[in-house]
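Participant: Please find model_37.tsv (TSV, C-alpha atoms) on the next line:
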chain	number	residue	atom	x	y	z
A	1	MET	CA	25.61	24.90	13.78
A	2	SER	CA	22.95	27.52	13.71
A	3	GLU	CA	19.54	26.86	12.29
A	4	ALA	CA	20.18	29.31	9.42
A	5	THR	CA	23.20	27.35	8.19
A	6	ASP	CA	21.45	23.99	8.50
A	7	ARG	CA	18.87	24.83	5.84
A	8	PRO	CA	20.11	25.54	2.32
A	9	ASP	CA	18.73	28.56	0.51
A	10	ALA	CA	15.74	27.44	-1.56
A	11	ASP	CA	16.70	29.77	-4.40
A	12	ALA	CA	20.43	29.08	-4.29
A	13	TRP	CA	20.36	27.06	-7.50
A	14	ALA	CA	18.34	29.71	-9.34
A	15	LYS	CA	20.61	32.50	-8.09
A	16	ALA	CA	23.77	30.62	-9.04
A	17	SER	CA	22.37	29.81	-12.48
A	18	ALA	CA	21.38	33.43	-13.08
A	19	GLU	CA	24.84	34.62	-12.04
A	20	ASP	CA	26.50	32.07	-14.34
A	21	ILE	CA	24.31	33.09	-17.27
A	22	ALA	CA	24.99	36.80	-16.68
A	23	ALA	CA	28.74	36.11	-16.47
A	24	GLU	CA	28.62	34.11	-19.70
A	25	HIS	CA	26.73	36.89	-21.49
A	26	ALA	CA	29.26	39.46	-20.27
A	27	ARG	CA	32.14	37.22	-21.38
A	28	ARG	CA	30.65	36.82	-24.86
A	29	ARG	CA	30.03	40.55	-25.21
A	30	ALA	CA	33.59	41.31	-24.15
A	31	GLU	CA	34.92	38.65	-26.51
A	32	ALA	CA	32.99	40.20	-29.38
A	33	GLY	CA	34.12	43.67	-28.38
A	34	GLN	CA	30.61	44.72	-27.48
A	35	GLY	CA	30.85	45.82	-23.88
A	36	PRO	CA	27.80	47.51	-22.44
A	37	GLY	CA	27.69	51.14	-23.47
A	38	SER	CA	25.59	54.16	-22.81
A	39	ALA	CA	22.03	54.37	-24.05
A	40	ALA	CA	23.15	56.64	-26.89
A	41	GLU	CA	25.73	54.08	-28.03
A	42	GLU	CA	23.14	51.32	-27.83
A	43	LEU	CA	20.74	53.42	-29.92
A	44	ARG	CA	23.43	53.86	-32.56
A	45	ARG	CA	24.09	50.11	-32.56
A	46	LEU	CA	20.39	49.43	-32.94
A	47	ALA	CA	20.09	51.89	-35.81
A	48	GLU	CA	23.10	50.32	-37.55
A	49	ALA	CA	21.71	46.81	-37.10
A	50	VAL	CA	18.31	47.83	-38.44
A	51	GLY	CA	19.95	49.63	-41.37
A	52	GLU	CA	22.02	46.56	-42.21
A	53	ALA	CA	18.97	44.31	-42.02
A	54	VAL	CA	16.99	46.62	-44.29
A	55	ASN	CA	19.85	46.78	-46.78
A	56	GLU	CA	20.11	42.99	-46.84
A	57	ARG	CA	16.37	42.62	-47.47
A	58	LEU	CA	16.43	45.25	-50.20
A	59	ALA	CA	19.45	43.65	-51.85
A	60	ALA	CA	17.35	40.51	-52.21
A	61	LEU	CA	14.79	42.47	-54.23
A	62	ARG	CA	17.39	43.39	-56.83
A	63	ASN	CA	15.53	46.53	-57.75
A	64	PRO	CA	17.96	49.45	-57.96
A	65	ALA	CA	15.23	52.09	-57.66
A	66	VAL	CA	13.93	50.62	-54.40
A	67	GLN	CA	17.45	50.21	-53.03
A	68	LEU	CA	18.36	53.79	-53.87
A	69	ALA	CA	15.15	55.15	-52.31
A	70	ALA	CA	15.66	53.11	-49.13
A	71	GLN	CA	19.28	54.21	-48.80
A	72	GLY	CA	18.14	57.81	-49.16
A	73	VAL	CA	15.57	57.40	-46.41
A	74	ILE	CA	18.10	55.69	-44.12
A	75	SER	CA	20.67	58.46	-44.65
A	76	GLN	CA	18.03	61.12	-43.94
A	77	VAL	CA	17.04	59.41	-40.71
A	78	ARG	CA	20.69	59.15	-39.68
A	79	SER	CA	21.28	62.83	-40.48
A	80	VAL	CA	18.40	63.74	-38.17
A	81	VAL	CA	19.15	61.30	-35.33
A	82	GLU	CA	22.95	61.58	-35.14
A	83	PRO	CA	23.09	65.28	-34.12
A	84	ILE	CA	20.43	64.70	-31.46
A	85	VAL	CA	22.34	61.76	-30.02
A	86	ASP	CA	25.63	63.66	-30.17
A	87	ARG	CA	24.24	66.75	-28.43
A	88	ASN	CA	22.15	64.96	-25.81
A	89	PRO	CA	23.66	61.61	-24.83
A	90	ASP	CA	22.50	62.11	-21.22
A	91	VAL	CA	18.90	62.30	-22.35
A	92	PHE	CA	19.02	58.71	-23.60
A	93	ASP	CA	20.58	57.54	-20.33
A	94	HIS	CA	17.80	59.26	-18.39
A	95	LEU	CA	15.12	57.85	-20.69
A	96	GLY	CA	16.59	54.39	-20.27
A	97	ALA	CA	16.60	54.75	-16.48
A	98	ALA	CA	13.04	56.10	-16.53
A	99	GLY	CA	11.93	53.18	-18.68
A	100	SER	CA	13.50	50.74	-16.24
A	101	GLU	CA	11.72	52.42	-13.33
A	102	LEU	CA	8.40	52.31	-15.16
A	103	LEU	CA	8.89	48.64	-15.93
A	104	ALA	CA	9.70	47.91	-12.27
A	105	ALA	CA	6.57	49.80	-11.16
A	106	TYR	CA	4.45	47.91	-13.69
A	107	ARG	CA	5.84	44.55	-12.56
A	108	SER	CA	5.16	45.44	-8.94
A	109	ALA	CA	1.58	46.46	-9.66
A	110	VAL	CA	0.90	43.39	-11.75
A	111	SER	CA	2.44	40.97	-9.25
A	112	ARG	CA	0.40	42.48	-6.40
A	113	ALA	CA	-2.82	42.36	-8.40
A	114	GLU	CA	-2.05	38.82	-9.51
A	115	ALA	CA	-1.43	37.79	-5.91
A	116	ARG	CA	-4.82	39.22	-4.92
A	117	TRP	CA	-6.56	37.49	-7.81
A	118	THR	CA	-5.03	34.10	-7.17
A	119	SER	CA	-5.07	34.14	-3.38
A	120	GLY	CA	-8.83	33.74	-3.16
A	121	GLY	CA	-8.70	36.27	-0.33
A	122	ASP	CA	-11.78	37.77	1.19
A	123	SER	CA	-15.09	37.27	-0.57
A	124	ALA	CA	-15.86	41.02	-0.61
A	125	SER	CA	-13.15	41.56	-3.23
A	126	ARG	CA	-14.49	38.76	-5.42
A	127	SER	CA	-16.80	39.30	-8.34
A	128	THR	CA	-20.51	39.02	-7.80
A	129	ALA	CA	-20.90	37.27	-11.15
A	130	GLU	CA	-22.96	34.11	-11.08
A	131	HIS	CA	-21.71	30.92	-12.69
A	132	ILE	CA	-24.28	29.46	-15.09
A	133	ASP	CA	-23.91	25.82	-16.08
A	134	LEU	CA	-24.64	25.46	-19.80
A	135	ASP	CA	-24.89	21.66	-19.83
Could I get this file's structure written as structure tokens?

Facilitator:
Amino acid sequence: MSEATDRPDADAWAKASAEDIAAEHARRRAEAGQGPGSAAEELRRLAEAVGEAVNERLAALRNPAVQLAAQGVISQVRSVVEPIVDRNPDVFDHLGAAGSELLAAYRSAVSRAEARWTSGGDSASRSTAEHIDLD
């Protein structure tokens, strides 16, 4: 046997667990009829979920004037957002991709800075602050 096959992958358990969790999430979404969609579809779903939640909260108030005003605001927002989503579904896909790229860049920058901070590397990069014992 080669040396590479003698040693198990240190992250094999974590990788297998992550794959199993992702597969389970996909199975549940498919079972519920909620396959992954485009960013525009996801935005619509989010807007519907928020609208339903707001309606439920307002129904608990049992004030018809507040409910009517809120439903008017929600319908106005939908009338503004729906045409934009319908005309420009690609924009939301691009914005989603751009957001993912920005998040990846942020994570990279933070992990590198964190590695420098915790490594205790060279003393020139350390702070010149003096520790003062208050006891």

Participant: So, counting all atoms listed in the file, which residue among A:Val85, A:Ala26, A:Leu95, A:Ala129 is closest to A:Glu41?

Facilitator: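 Using all atoms listed in the file, the shortest distance to A:Glu41 belongs to A:Val85.
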
Participant: Of the candidates A:Val66, A:Ala14, A:Val110, A:Ala40, which one gets nearest to A:Val81 if we count only C-alpha atoms?

Facilitator: A:Ala40

Participant: Out of A:Arg107, A:Arg29, A:Arg44, A:Arg57, which residue has the shortest atom-to-atom distance to A:Glu82 when counting only C-alpha atoms?

Facilitator: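 Looking only at the distances to A:Glu82, the closest residue turns out to be A:Arg44.
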
Participant: Just how far from atom CA of A:Glu42 is atom CA of A:Leu58, in Å to one decimal?

Facilitator: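 About the pair atom CA of A:Leu58 and atom CA of A:Glu42: they are 24.1 Å apart.
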
Participant: Grab the atom CA of A:Ser17 to atom CA of A:Ala30 distance for me, in Å with one decimal place.

Facilitator: 19.9 Å

Participant: Enter the distance from atom CA of A:Leu61 to atom CA of A:Ile74, in Å, rounded to one decimal.

Facilitator: 17.0 Å

Participant: Let me have the centre and edge lengths in Å, one decimal, of the box along x, y and z around every listed atom of stretch 52-64 of chain A with 6 Å of margin on each side, as JSON.

Facilitator:
{"center_x": 18.4, "center_y": 45.0, "center_z": -50.0, "size_x": 19.2, "size_y": 20.9, "size_z": 27.9}

Participant: Calculated over only C-alpha atoms, which of the candidates A:Ala16, A:Ser38, A:Ile21, A:Asn63 has the smallest distance to A:Asp90?

Facilitator: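 Answer, going by the shortest atom-to-atom distance: A:Ser38.
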
Participant: Here is a test: counting only C-alpha atoms, which residue of A:Glu19, A:Glu48, A:Asp93, A:Glu101 is nearest to A:Arg78?

Facilitator: A:Glu48
